[in-house]
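target_1.txt, holding compact mmCIF, C-alpha atoms:
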# COMPACT_ATOMS: atom_id res chain seq x y z
CA MET A 237 163.91 146.34 22.49
CA LYS A 238 162.70 149.35 20.48
CA ARG A 239 164.78 148.21 17.52
CA THR A 240 163.43 144.65 17.76
CA ILE A 241 159.83 145.89 17.76
CA GLY A 242 160.72 148.21 14.90
CA TYR A 243 162.06 145.30 12.84
CA PHE A 244 158.94 143.26 13.57
CA LEU A 245 156.63 146.12 12.55
CA LEU A 246 158.70 146.64 9.41
CA GLY A 247 158.29 142.93 8.59
CA PHE A 248 154.55 143.23 9.17
CA LEU A 249 154.42 146.27 6.88
CA PHE A 250 156.30 144.35 4.20
CA VAL A 251 153.80 141.46 4.49
CA LEU A 252 150.97 143.96 4.02
CA LEU A 253 152.64 145.62 1.03
CA GLN A 254 153.38 142.30 -0.62
CA SER A 255 149.81 141.04 -0.25
CA SER A 256 147.91 144.27 -1.01
CA LEU A 257 150.02 146.70 -3.00
CA TRP A 258 152.24 144.50 -5.15
CA PRO A 259 149.35 142.76 -6.99
CA HIS A 260 148.11 146.20 -8.13
CA LEU A 261 151.52 147.59 -9.05
CA MET A 262 153.06 144.46 -10.54
CA PRO A 263 150.65 142.03 -12.17
CA THR A 264 153.61 139.73 -12.88
CA GLU A 265 154.48 136.31 -11.46
CA ALA A 266 157.66 137.47 -9.73
CA ARG A 267 157.43 140.35 -7.25
CA PRO A 268 160.10 141.79 -4.94
CA ASP A 269 160.36 139.83 -1.70
CA LEU A 270 161.09 142.56 0.85
CA ILE A 271 160.75 140.13 3.75
CA LEU A 272 163.63 138.07 2.42
CA VAL A 273 165.73 141.23 2.10
CA LEU A 274 164.86 142.11 5.71
CA VAL A 275 165.80 138.63 6.99
CA VAL A 276 169.12 138.76 5.10
CA TYR A 277 169.78 142.15 6.69
CA LEU A 278 168.91 140.71 10.11
CA GLY A 279 171.38 137.89 9.44
CA LEU A 280 174.11 140.45 8.81
CA ALA A 281 173.23 142.89 11.58
CA GLU A 282 171.53 141.12 14.48
CA ASP A 283 172.62 138.54 17.05
CA HIS A 284 171.61 134.89 17.04
CA LEU A 285 168.75 135.10 19.54
CA THR A 286 167.06 138.39 18.60
CA GLY A 287 167.49 137.84 14.87
CA GLY A 288 166.38 134.20 15.07
CA VAL A 289 163.22 135.00 17.00
CA LEU A 290 162.47 137.93 14.68
CA ALA A 291 162.99 135.83 11.53
CA PHE A 292 160.68 133.14 12.90
CA LEU A 293 157.98 135.63 13.95
CA ILE A 294 158.06 137.47 10.63
CA GLY A 295 157.93 134.10 8.84
CA THR A 296 154.90 133.08 10.89
CA CYS A 297 153.17 136.37 9.99
CA LEU A 298 153.95 135.62 6.36
CA ASP A 299 152.43 132.15 6.81
CA ALA A 300 149.11 133.82 7.60
CA MET A 301 149.22 135.64 4.27
CA ALA A 302 151.11 133.35 1.91
CA GLY A 303 151.17 129.73 0.84
CA SER A 304 149.02 126.82 1.87
CA HIS A 305 151.29 125.16 4.41
CA PRO A 306 151.17 126.88 7.81
CA GLY A 307 154.62 127.05 9.37
CA LEU A 308 156.58 126.71 6.12
CA HIS A 309 157.79 130.31 5.94
CA GLY A 310 158.55 130.35 9.67
CA VAL A 311 160.94 127.39 9.36
CA THR A 312 162.54 128.43 6.07
CA LEU A 313 163.13 132.07 7.08
CA LEU A 314 164.62 130.94 10.40
CA LEU A 315 167.01 128.55 8.63
CA LEU A 316 167.87 131.23 6.09
CA PHE A 317 168.64 133.65 8.93
CA TYR A 318 171.03 131.19 10.60
CA CYS A 319 172.76 130.34 7.31
CA ILE A 320 173.36 134.05 6.67
CA ARG A 321 174.29 134.67 10.33
CA PHE A 322 176.92 131.91 10.46
CA ALA A 323 178.27 132.82 7.02
CA SER A 324 178.51 136.51 7.91
CA ASP A 325 181.07 135.74 10.65
CA HIS A 326 183.61 135.24 7.85
CA PHE A 327 182.87 138.44 5.93
CA ASN A 328 182.94 142.19 6.32
CA THR A 329 179.27 142.83 7.03
CA GLU A 330 179.63 146.58 6.42
CA SER A 331 180.05 146.02 2.69
CA THR A 332 177.06 146.99 0.51
CA ARG A 333 178.17 144.52 -2.13
CA LEU A 334 178.04 141.70 0.43
CA VAL A 335 174.42 142.54 1.23
CA LEU A 336 173.51 142.32 -2.46
CA ILE A 337 175.38 139.02 -2.90
CA MET A 338 173.77 137.66 0.24
CA VAL A 339 170.30 138.68 -1.01
CA GLY A 340 170.96 136.91 -4.33
CA ALA A 341 172.35 133.79 -2.66
CA GLY A 342 169.66 134.01 0.02
CA THR A 343 166.90 133.96 -2.60
CA LEU A 344 168.32 130.77 -4.12
CA LEU A 345 168.79 129.16 -0.71
CA TYR A 346 165.30 130.22 0.39
CA ALA A 347 163.84 128.67 -2.80
CA GLY A 348 165.74 125.45 -2.10
CA LEU A 349 164.53 125.35 1.51
CA GLN A 350 160.95 126.01 0.41
CA ILE A 351 161.10 123.14 -2.07
CA LEU A 352 162.63 120.83 0.57
CA PHE A 353 160.12 121.61 3.32
CA ALA A 354 157.13 121.81 0.98
CA THR A 355 157.77 118.20 -0.06
CA PHE A 356 156.96 117.14 3.52
CA ALA A 357 153.57 118.81 3.09
CA ASP A 358 152.58 117.14 -0.20
CA ALA A 359 152.88 120.47 -2.02
CA GLY A 360 152.65 119.04 -5.54
CA ALA A 361 154.82 120.58 -8.22
CA VAL A 362 155.72 123.70 -6.25
CA TRP A 363 159.31 123.31 -7.47
CA LEU A 364 158.11 123.89 -11.03
CA GLN A 365 156.52 127.17 -10.03
CA ILE A 366 159.65 128.20 -8.12
CA PHE A 367 161.99 127.27 -10.98
CA ARG A 368 159.87 129.28 -13.40
CA VAL A 369 160.23 132.54 -11.45
CA ILE A 370 163.53 132.06 -9.64
CA VAL A 371 165.69 134.11 -12.04
CA PRO A 372 163.46 137.23 -12.22
CA GLN A 373 162.75 136.79 -8.49
CA THR A 374 166.47 136.86 -7.64
CA LEU A 375 167.08 139.90 -9.84
CA LEU A 376 164.08 141.72 -8.36
CA ASN A 377 165.20 140.96 -4.81
CA VAL A 378 168.72 142.21 -5.49
CA ALA A 379 167.32 145.34 -7.15
CA SER A 380 164.97 146.03 -4.24
CA ALA A 381 167.83 145.46 -1.75
CA LEU A 382 169.93 147.98 -3.68
CA LEU A 383 167.04 150.44 -3.65
CA LEU A 384 166.48 149.96 0.09
CA LEU A 385 170.19 150.41 0.81
CA LYS A 386 170.14 153.71 -1.07
CA LEU A 387 166.78 154.82 0.35
CA VAL A 388 166.99 153.86 4.03
CA PRO A 389 170.06 155.95 5.04
CA HIS A 390 168.60 158.89 3.10
CA LEU A 391 165.26 158.53 4.90
CA LEU A 392 167.00 158.13 8.26
CA ARG A 393 168.96 161.33 7.66
CA ARG A 394 165.78 163.20 6.71
CA LEU A 395 163.52 161.80 9.42
CA THR A 396 165.94 161.47 12.34
CA PRO A 397 168.77 163.94 11.65
CA ARG A 398 170.50 163.40 14.99
CA SER A 399 170.70 159.59 14.92
CA GLU A 400 174.09 158.06 14.20
CA PRO A 401 174.62 156.07 10.96
CA VAL A 402 173.39 152.48 11.08
CA THR A 403 176.77 151.07 10.16
CA LEU A 404 178.51 152.81 13.06
CA ARG A 405 175.97 151.41 15.48
CA ARG A 406 176.74 147.93 14.17
CA MET A 407 180.48 148.53 14.57
CA ASP A 408 179.95 149.81 18.12
CA ARG A 409 178.10 146.65 19.02
CA SER A 410 180.88 144.50 17.61
CA TYR A 411 183.93 146.35 18.87
CA GLY A 412 182.72 149.02 21.26
CA PRO A 413 182.45 148.94 25.06
CA MET B 239 179.70 120.26 31.06
CA LEU B 240 178.81 123.87 31.90
CA GLU B 241 181.92 125.02 30.03
CA LEU B 242 180.89 123.03 27.01
CA LEU B 243 177.39 124.53 27.13
CA LYS B 244 178.85 128.03 27.40
CA ARG B 245 181.22 127.47 24.51
CA TYR B 246 178.56 126.14 22.16
CA ARG B 247 175.78 128.35 23.52
CA THR B 248 175.12 130.06 20.17
CA VAL B 249 174.97 126.85 18.18
CA LEU B 250 172.78 125.19 20.81
CA LEU B 251 170.45 128.17 20.85
CA ALA B 252 170.14 128.10 17.07
CA CYS B 253 169.51 124.33 17.14
CA CYS B 254 166.81 124.74 19.81
CA LEU B 255 165.03 127.46 17.82
CA VAL B 256 165.18 125.47 14.57
CA LEU B 257 163.98 122.33 16.34
CA ALA B 258 161.09 124.22 17.95
CA SER B 259 160.07 125.69 14.60
CA LEU B 260 160.26 122.26 12.95
CA LEU B 261 158.07 120.76 15.66
CA LEU B 262 155.56 123.57 15.21
CA TYR B 263 155.58 123.07 11.44
CA SER B 264 155.03 119.35 11.87
CA ALA B 265 152.17 119.92 14.33
CA GLN B 266 150.54 122.45 12.02
CA LEU B 267 150.82 120.13 9.02
CA ARG B 268 148.97 117.41 10.92
CA ASN B 269 146.27 119.87 11.96
CA ARG B 270 145.96 122.04 8.86
CA GLN B 271 142.21 121.56 8.46
CA GLN B 272 141.81 124.01 11.33
CA THR B 273 143.00 127.61 11.21
CA GLY B 274 145.34 128.37 14.13
CA LEU B 275 144.58 131.20 16.55
CA PHE B 276 147.73 133.13 15.60
CA TYR B 277 146.81 133.04 11.89
CA LYS B 278 143.25 134.10 12.71
CA VAL B 279 144.59 137.08 14.66
CA ILE B 280 147.01 138.08 11.88
CA LEU B 281 144.26 137.77 9.25
CA GLN B 282 141.96 139.81 11.46
CA ILE B 283 144.53 142.57 12.01
CA THR B 284 145.69 142.79 8.41
CA ALA B 285 142.26 142.72 6.75
CA PRO B 286 141.18 146.31 7.56
CA LEU B 287 144.61 147.60 6.53
CA GLN B 288 144.46 145.58 3.33
CA LYS B 289 141.00 147.00 2.61
CA ILE B 290 142.34 150.53 3.07
CA ILE B 291 145.30 149.89 0.74
CA ASP B 292 143.04 148.13 -1.78
CA SER B 293 140.45 150.92 -1.85
CA SER B 294 143.16 153.64 -1.98
CA VAL B 295 144.85 151.99 -4.95
CA GLU B 296 141.45 151.51 -6.64
CA ALA B 297 140.63 155.19 -6.04
CA VAL B 298 143.95 156.32 -7.52
CA ALA B 299 143.53 154.01 -10.52
CA ASP B 300 139.94 155.18 -10.94
CA GLY B 301 141.03 158.81 -10.85
CA TRP B 302 143.69 158.12 -13.43
CA GLU B 303 141.26 156.37 -15.76
CA HIS B 304 138.43 158.90 -15.36
CA TYR B 305 140.19 162.23 -15.34
CA LEU B 306 143.60 161.94 -16.90
CA TRP B 307 142.56 159.74 -19.77
CA LEU B 308 139.60 161.90 -20.87
CA VAL B 309 141.27 162.34 -24.25
CA GLU B 310 140.33 158.77 -25.07
CA THR B 311 136.73 159.17 -23.92
CA GLU B 312 135.10 159.97 -27.27
CA THR B 313 136.63 156.99 -29.04
CA GLU B 314 135.82 154.84 -26.03
CA ASN B 315 132.21 156.10 -26.08
CA ARG B 316 131.76 155.18 -29.73
CA ARG B 317 133.27 151.77 -29.15
CA LEU B 318 131.00 151.19 -26.15
CA HIS B 319 127.89 152.18 -28.13
CA TYR B 320 128.80 149.63 -30.77
CA GLU B 321 129.56 147.01 -28.13
CA ASN B 322 126.28 147.79 -26.40
CA SER B 323 124.23 147.13 -29.53
CA GLN B 324 126.15 143.88 -30.09
CA LEU B 325 125.52 142.80 -26.51
CA ARG B 326 121.81 143.63 -26.77
CA ALA B 327 121.55 141.34 -29.76
CA GLU B 328 123.49 138.66 -27.92
CA LEU B 329 121.24 139.09 -24.86
CA ALA B 330 118.09 138.66 -26.93
CA ARG B 331 119.56 135.50 -28.45
CA LEU B 332 120.53 134.15 -25.03
CA TYR B 333 117.07 134.95 -23.66
CA GLU B 334 115.56 132.83 -26.39
CA ALA B 335 118.04 130.05 -25.64
CA ARG B 336 117.20 130.20 -21.94
CA ILE B 337 113.46 129.89 -22.58
CA ALA B 338 114.13 126.97 -24.92
CA ASN B 339 116.38 125.37 -22.32
CA GLU B 340 113.76 125.69 -19.58
CA ARG B 341 111.09 124.21 -21.85
CA LEU B 342 113.30 121.27 -22.76
CA ARG B 343 114.21 120.70 -19.12
CA LYS B 344 110.55 120.45 -18.24
CA LEU B 345 109.94 118.15 -21.16
CA LEU B 346 112.70 115.78 -20.18
CA ASN B 347 111.60 115.90 -16.57
CA PHE B 348 115.10 116.93 -15.73
CA LYS B 349 115.68 116.88 -12.04
CA GLN B 350 117.10 120.14 -10.85
CA ASP B 351 120.16 119.72 -8.66
CA VAL B 352 119.80 120.65 -5.07
CA THR B 353 120.37 124.39 -4.95
CA ILE B 354 123.36 125.28 -2.79
CA PRO B 355 123.22 128.57 -0.90
CA VAL B 356 125.95 130.95 -2.01
CA LEU B 357 127.69 133.84 -0.31
CA PRO B 358 129.24 136.64 -2.39
CA ALA B 359 132.63 137.88 -1.22
CA GLN B 360 135.19 140.40 -2.36
CA VAL B 361 138.86 139.68 -2.96
CA ILE B 362 140.88 142.10 -0.84
CA ALA B 363 144.43 140.77 -1.11
CA GLU B 364 146.62 138.23 -2.85
CA ASP B 365 149.35 135.86 -1.72
CA ALA B 366 152.32 137.69 -0.20
CA SER B 367 154.74 135.25 -1.84
CA SER B 368 155.55 134.90 -5.53
CA TRP B 369 155.36 131.13 -5.70
CA PHE B 370 152.03 130.34 -4.07
CA ARG B 371 148.50 131.11 -5.29
CA THR B 372 146.04 132.23 -2.62
CA VAL B 373 143.73 135.24 -2.16
CA VAL B 374 142.08 136.83 0.87
CA ILE B 375 138.30 137.42 0.82
CA ASP B 376 136.26 139.68 3.11
CA LYS B 377 133.98 136.98 4.54
CA GLY B 378 134.74 134.64 7.43
CA SER B 379 133.33 132.26 10.01
CA LYS B 380 130.85 134.92 11.24
CA ASP B 381 129.27 134.76 7.77
CA GLY B 382 129.04 130.98 7.92
CA LEU B 383 132.31 130.08 6.22
CA ARG B 384 134.59 127.24 7.27
CA GLU B 385 137.68 125.52 5.89
CA GLY B 386 137.23 123.49 2.70
CA LEU B 387 134.27 125.28 1.11
CA PRO B 388 134.23 125.62 -2.70
CA VAL B 389 134.72 129.10 -4.16
CA VAL B 390 133.48 129.86 -7.68
CA VAL B 391 132.75 132.66 -10.14
CA ALA B 392 130.43 132.65 -13.16
CA GLU B 393 133.26 131.37 -15.40
CA GLY B 394 134.10 128.38 -13.21
CA VAL B 395 135.97 127.06 -10.20
CA VAL B 396 138.23 129.43 -8.26
CA GLY B 397 139.40 127.30 -5.33
CA ARG B 398 138.53 126.39 -1.77
CA THR B 399 138.68 128.14 1.59
CA LEU B 400 141.95 127.38 3.36
CA GLN B 401 142.12 129.50 6.52
CA VAL B 402 139.04 131.06 8.06
CA ALA B 403 139.11 133.96 10.55
CA PRO B 404 135.90 135.52 11.94
CA PHE B 405 135.64 138.18 9.21
CA GLN B 406 138.17 137.10 6.57
CA SER B 407 139.26 133.91 4.83
CA ARG B 408 142.10 132.79 2.63
CA VAL B 409 141.22 130.89 -0.52
CA LEU B 410 143.59 128.35 -2.08
CA LEU B 411 143.32 128.84 -5.86
CA ILE B 412 143.16 125.81 -8.13
CA THR B 413 146.31 127.08 -9.85
CA ASP B 414 148.38 126.58 -6.66
CA ALA B 415 150.77 123.64 -6.83
CA SER B 416 149.24 122.02 -3.74
CA SER B 417 145.71 122.17 -5.13
CA ALA B 418 144.05 119.10 -6.66
CA VAL B 419 140.53 118.87 -8.10
CA ALA B 420 138.77 115.69 -9.23
CA VAL B 421 137.61 116.38 -12.79
CA LEU B 422 136.29 114.78 -15.95
CA VAL B 423 136.60 115.73 -19.59
CA GLN B 424 133.07 116.64 -20.63
CA SER B 425 133.05 115.06 -24.10
CA SER B 426 134.88 111.78 -23.43
CA ARG B 427 133.93 111.48 -19.73
CA SER B 428 137.49 110.48 -18.91
CA ARG B 429 138.37 111.13 -15.29
CA GLY B 430 141.47 112.66 -13.77
CA ILE B 431 142.93 115.01 -11.21
CA CYS B 432 143.61 118.65 -12.11
CA ARG B 433 146.68 120.02 -10.37
CA GLY B 434 147.81 123.63 -10.29
CA GLU B 435 150.99 124.77 -11.99
CA GLY B 436 151.00 128.50 -11.39
CA GLU B 437 149.22 129.87 -14.45
CA GLN B 438 148.13 126.56 -15.98
CA LEU B 439 146.69 123.26 -14.77
CA THR B 440 147.74 119.71 -15.55
CA LEU B 441 145.30 116.85 -15.85
CA ASP B 442 146.86 113.78 -14.24
CA TYR B 443 145.74 110.14 -14.41
CA ALA B 444 143.73 110.46 -17.64
CA LEU B 445 144.06 107.05 -19.32
CA ARG B 446 146.05 106.95 -22.55
CA ARG B 447 143.33 105.12 -24.46
CA GLU B 448 140.75 107.85 -23.72
CA GLU B 449 140.03 110.37 -26.48
CA VAL B 450 140.96 113.83 -25.29
CA HIS B 451 141.34 116.72 -27.73
CA GLU B 452 142.47 120.29 -27.60
CA GLY B 453 139.56 122.58 -26.66
CA ASP B 454 137.63 119.93 -24.71
CA GLN B 455 135.83 121.31 -21.68
CA VAL B 456 137.03 120.05 -18.28
CA ILE B 457 134.48 120.05 -15.45
CA THR B 458 134.46 118.97 -11.81
CA SER B 459 133.48 115.34 -11.33
CA GLY B 460 132.00 115.82 -7.87
CA THR B 461 133.99 112.91 -6.48
CA GLY B 462 136.63 114.89 -4.61
CA GLY B 463 134.26 115.77 -1.77
CA ILE B 464 134.68 119.54 -2.12
CA PHE B 465 133.30 120.75 -5.46
CA PRO B 466 129.84 119.82 -6.71
CA LYS B 467 129.66 118.08 -10.06
CA GLY B 468 129.62 119.99 -13.35
CA LEU B 469 131.45 123.23 -12.55
CA PRO B 470 133.75 124.37 -15.39
CA VAL B 471 137.44 124.11 -14.54
CA GLY B 472 139.02 124.92 -17.90
CA LYS B 473 139.69 123.81 -21.45
CA VAL B 474 142.27 121.33 -22.68
CA SER B 475 145.11 123.35 -24.20
CA SER B 476 147.28 120.38 -25.19
CA ALA B 477 147.02 116.61 -24.98
CA TYR B 478 149.92 114.26 -25.65
CA GLN B 479 149.58 110.50 -25.82
CA GLY B 480 153.09 109.13 -25.58
CA PRO B 481 154.19 105.84 -27.19
CA TYR B 482 153.97 103.98 -23.89
CA GLY B 483 152.68 104.41 -20.34
CA LEU B 484 149.26 104.26 -18.75
CA PHE B 485 148.37 107.93 -18.81
CA GLN B 486 148.53 110.86 -21.21
CA ALA B 487 149.98 114.30 -20.57
CA ILE B 488 147.25 116.93 -20.65
CA GLU B 489 147.48 120.64 -19.98
CA VAL B 490 144.40 122.65 -19.10
CA GLU B 491 143.84 126.38 -19.49
CA PRO B 492 141.75 127.57 -16.49
CA SER B 493 138.38 129.04 -17.40
CA VAL B 494 138.80 131.74 -14.76
CA ASP B 495 141.11 134.71 -15.31
CA PHE B 496 142.79 134.77 -11.90
CA SER B 497 144.54 138.07 -12.59
CA ARG B 498 141.16 139.82 -12.69
CA LEU B 499 139.53 138.15 -9.72
CA GLU B 500 137.42 140.68 -7.79
CA GLU B 501 134.18 139.12 -6.60
CA VAL B 502 133.66 135.44 -5.87
CA LEU B 503 130.89 133.18 -4.64
CA VAL B 504 131.40 130.76 -1.76
CA LEU B 505 129.18 127.69 -1.92
CA LEU B 506 127.89 127.05 1.60
CA ARG B 507 127.70 123.29 1.49
CA GLU B 508 126.59 121.22 4.44
CA LYS B 509 129.37 119.81 6.63
CA ARG B 510 129.96 116.16 5.84
What is this structure when it is put down as structure tokens?
Amino acid sequence: MKRTIGYFLLGFLFVLLQSSLWPHLMPTEARPDLILVLVVYLGLAEDHLTGGVLAFLIGTCLDAMAGSHPGLHGVTLLLLFYCIRFASDHFNTESTRLVLIMVGAGTLLYAGLQILFATFADAGAVWLQIFRVIVPQTLLNVASALLLLKLVPHLLRRLTPRSEPVTLRRMDRSYGP
Amino acid sequence: MLELLKRYRTVLLACCLVLASLLLYSAQLRNRQQTGLFYKVILQITAPLQKIIDSSVEAVADGWEHYLWLVETETENRRLHYENSQLRAELARLYEARIANERLRKLLNFKQDVTIPVLPAQVIAEDASSWFRTVVIDKGSKDGLREGLPVVVAEGVVGRTLQVAPFQSRVLLITDASSAVAVLVQSSRSRGICRGEGEQLTLDYALRREEVHEGDQVITSGTGGIFPKGLPVGKVSSAYQGPYGLFQAIEVEPSVDFSRLEEVLVLLREKR
């Protein structure tokens, strides 16, 4: 439960950062989508129910701060989570490279889902806007995922020296008692 | 049956969650004129935090500009003195023009439009996603705001209020893909709909036979039901009349610089 709340608060923090800090730091069209990185990570690390509910809740929070179609991010992030979750059954989820590939592929899939579901909401030429930034967006997301993968274990070691590595915890859940 | 349910429990669970989210999305789309309670709560919770982040970043940037860049101050001072004298001359000229304008208005018995009360607001955050264009302002329903009110700055139209919480609101910018504004080209009076395209706008449904040129001013037509007539929207940056078809392809450069949006005015129009 603690971990679930932690993920939710992390998602909320990412929403805040993306809406308040990114515009000051990066006055560009494409900005790193940390929420997408988090949902991809959830897809690789969490179970169907917890991860699904978390992805939907984080998406709904994002809906309050992004876009003009309430519910759009909730649906698309939930679908993205399940696509990653079902795909991850066939891969070694401990691989760092897989996370990066999944973030890249996830960005493209997320863009496709956004275009698909935005058409139901008479979103105009949102596809044009997405196509314009999709390449830098994908690269930025992969880069930020790489940075997070390097930074998070380091921070965990510094802040909670006695906690076991994240990867081992995931292995324990899969194969342990 | 129970065995089957157990075997496909995961898939069924996923399907149920997706179905529930789709139903919610559909319900919210039908009722998007009203801001949902959950969104109001999120806006309410995030706004103070956003203000803190915004003011902290501003303070850091201010410190950087004022203390670390002192080397540039003398040159900057000279440039500002020169600019000041230029602006004074410009101000005197504009003052004369204003007096002349007022005199002419009286002469022509020009009827002043009904003055709309305005509410100044500050932009405290931007859209959390890269492919949508919205901003958060620090005024909400407690200040008299509601969904669908026009938001402007001195340069022209900014957008309209989209979600309204008690103390904060989200504004849909005219550059967002889902935004549409009824406009007319000031010189030729040709009508159309301005749609957002991220950084630019496109003017749809302008008839091919109408004369539209690069640099023409585009203003609101007042027929869309949201914006009053005559507010500047932008300038025509390119107009292409193809060999066939009913309409021409027109691109419009917005008159507002959305990357430097800090203070805005909300027009408090009566509810229709």
Could the residues of chain B within 7 Å of chain A, counting only C-alpha atoms, be given as a PDB file with C-alpha atoms, in the frame of the given file, please?
ATOM      1  CA  THR B 248     175.120 130.060  20.170  1.00  0.00           C
ATOM      2  CA  ALA B 252     170.140 128.100  17.070  1.00  0.00           C
ATOM      3  CA  VAL B 256     165.180 125.470  14.570  1.00  0.00           C
ATOM      4  CA  SER B 259     160.070 125.690  14.600  1.00  0.00           C
ATOM      5  CA  LEU B 260     160.260 122.260  12.950  1.00  0.00           C
ATOM      6  CA  LEU B 262     155.560 123.570  15.210  1.00  0.00           C
ATOM      7  CA  TYR B 263     155.580 123.070  11.440  1.00  0.00           C
ATOM      8  CA  GLN B 266     150.540 122.450  12.020  1.00  0.00           C
ATOM      9  CA  LEU B 267     150.820 120.130   9.020  1.00  0.00           C
ATOM     10  CA  TYR B 277     146.810 133.040  11.890  1.00  0.00           C
ATOM     11  CA  ILE B 280     147.010 138.080  11.880  1.00  0.00           C
ATOM     12  CA  LEU B 281     144.260 137.770   9.250  1.00  0.00           C
ATOM     13  CA  THR B 284     145.690 142.790   8.410  1.00  0.00           C
ATOM     14  CA  GLN B 288     144.460 145.580   3.330  1.00  0.00           C
ATOM     15  CA  ILE B 291     145.300 149.890   0.740  1.00  0.00           C
ATOM     16  CA  ASP B 292     143.040 148.130  -1.780  1.00  0.00           C
ATOM     17  CA  ALA B 363     144.430 140.770  -1.110  1.00  0.00           C
ATOM     18  CA  GLU B 364     146.620 138.230  -2.850  1.00  0.00           C
ATOM     19  CA  ASP B 365     149.350 135.860  -1.720  1.00  0.00           C
ATOM     20  CA  ALA B 366     152.320 137.690  -0.200  1.00  0.00           C
ATOM     21  CA  SER B 367     154.740 135.250  -1.840  1.00  0.00           C
ATOM     22  CA  SER B 368     155.550 134.900  -5.530  1.00  0.00           C
ATOM     23  CA  TRP B 369     155.360 131.130  -5.700  1.00  0.00           C
ATOM     24  CA  PHE B 370     152.030 130.340  -4.070  1.00  0.00           C
ATOM     25  CA  ARG B 371     148.500 131.110  -5.290  1.00  0.00           C
ATOM     26  CA  THR B 372     146.040 132.230  -2.620  1.00  0.00           C
ATOM     27  CA  LEU B 410     143.590 128.350  -2.080  1.00  0.00           C
ATOM     28  CA  ALA B 415     150.770 123.640  -6.830  1.00  0.00           C
ATOM     29  CA  SER B 416     149.240 122.020  -3.740  1.00  0.00           C
ATOM     30  CA  GLU B 435     150.990 124.770 -11.990  1.00  0.00           C
ATOM     31  CA  GLY B 436     151.000 128.500 -11.390  1.00  0.00           C
TER      32      GLY B 436
END
Handout entry: Length of the atom CA of Ser493 of chain B to atom CA of Gln406 of chain B vector [Å]
Key =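 Those two atoms sit 25.3 Å apart.
Between atom CA of Gln271 of chain B and atom CA of Leu245 of chain A the separation is 28.8 Å.
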Exercise for the section: Would you mind reading off the distance between atom CA of Val275 of chain A and atom CA of Val374 of chain B, one decimal, in Å? Expected result: 24.6 Å
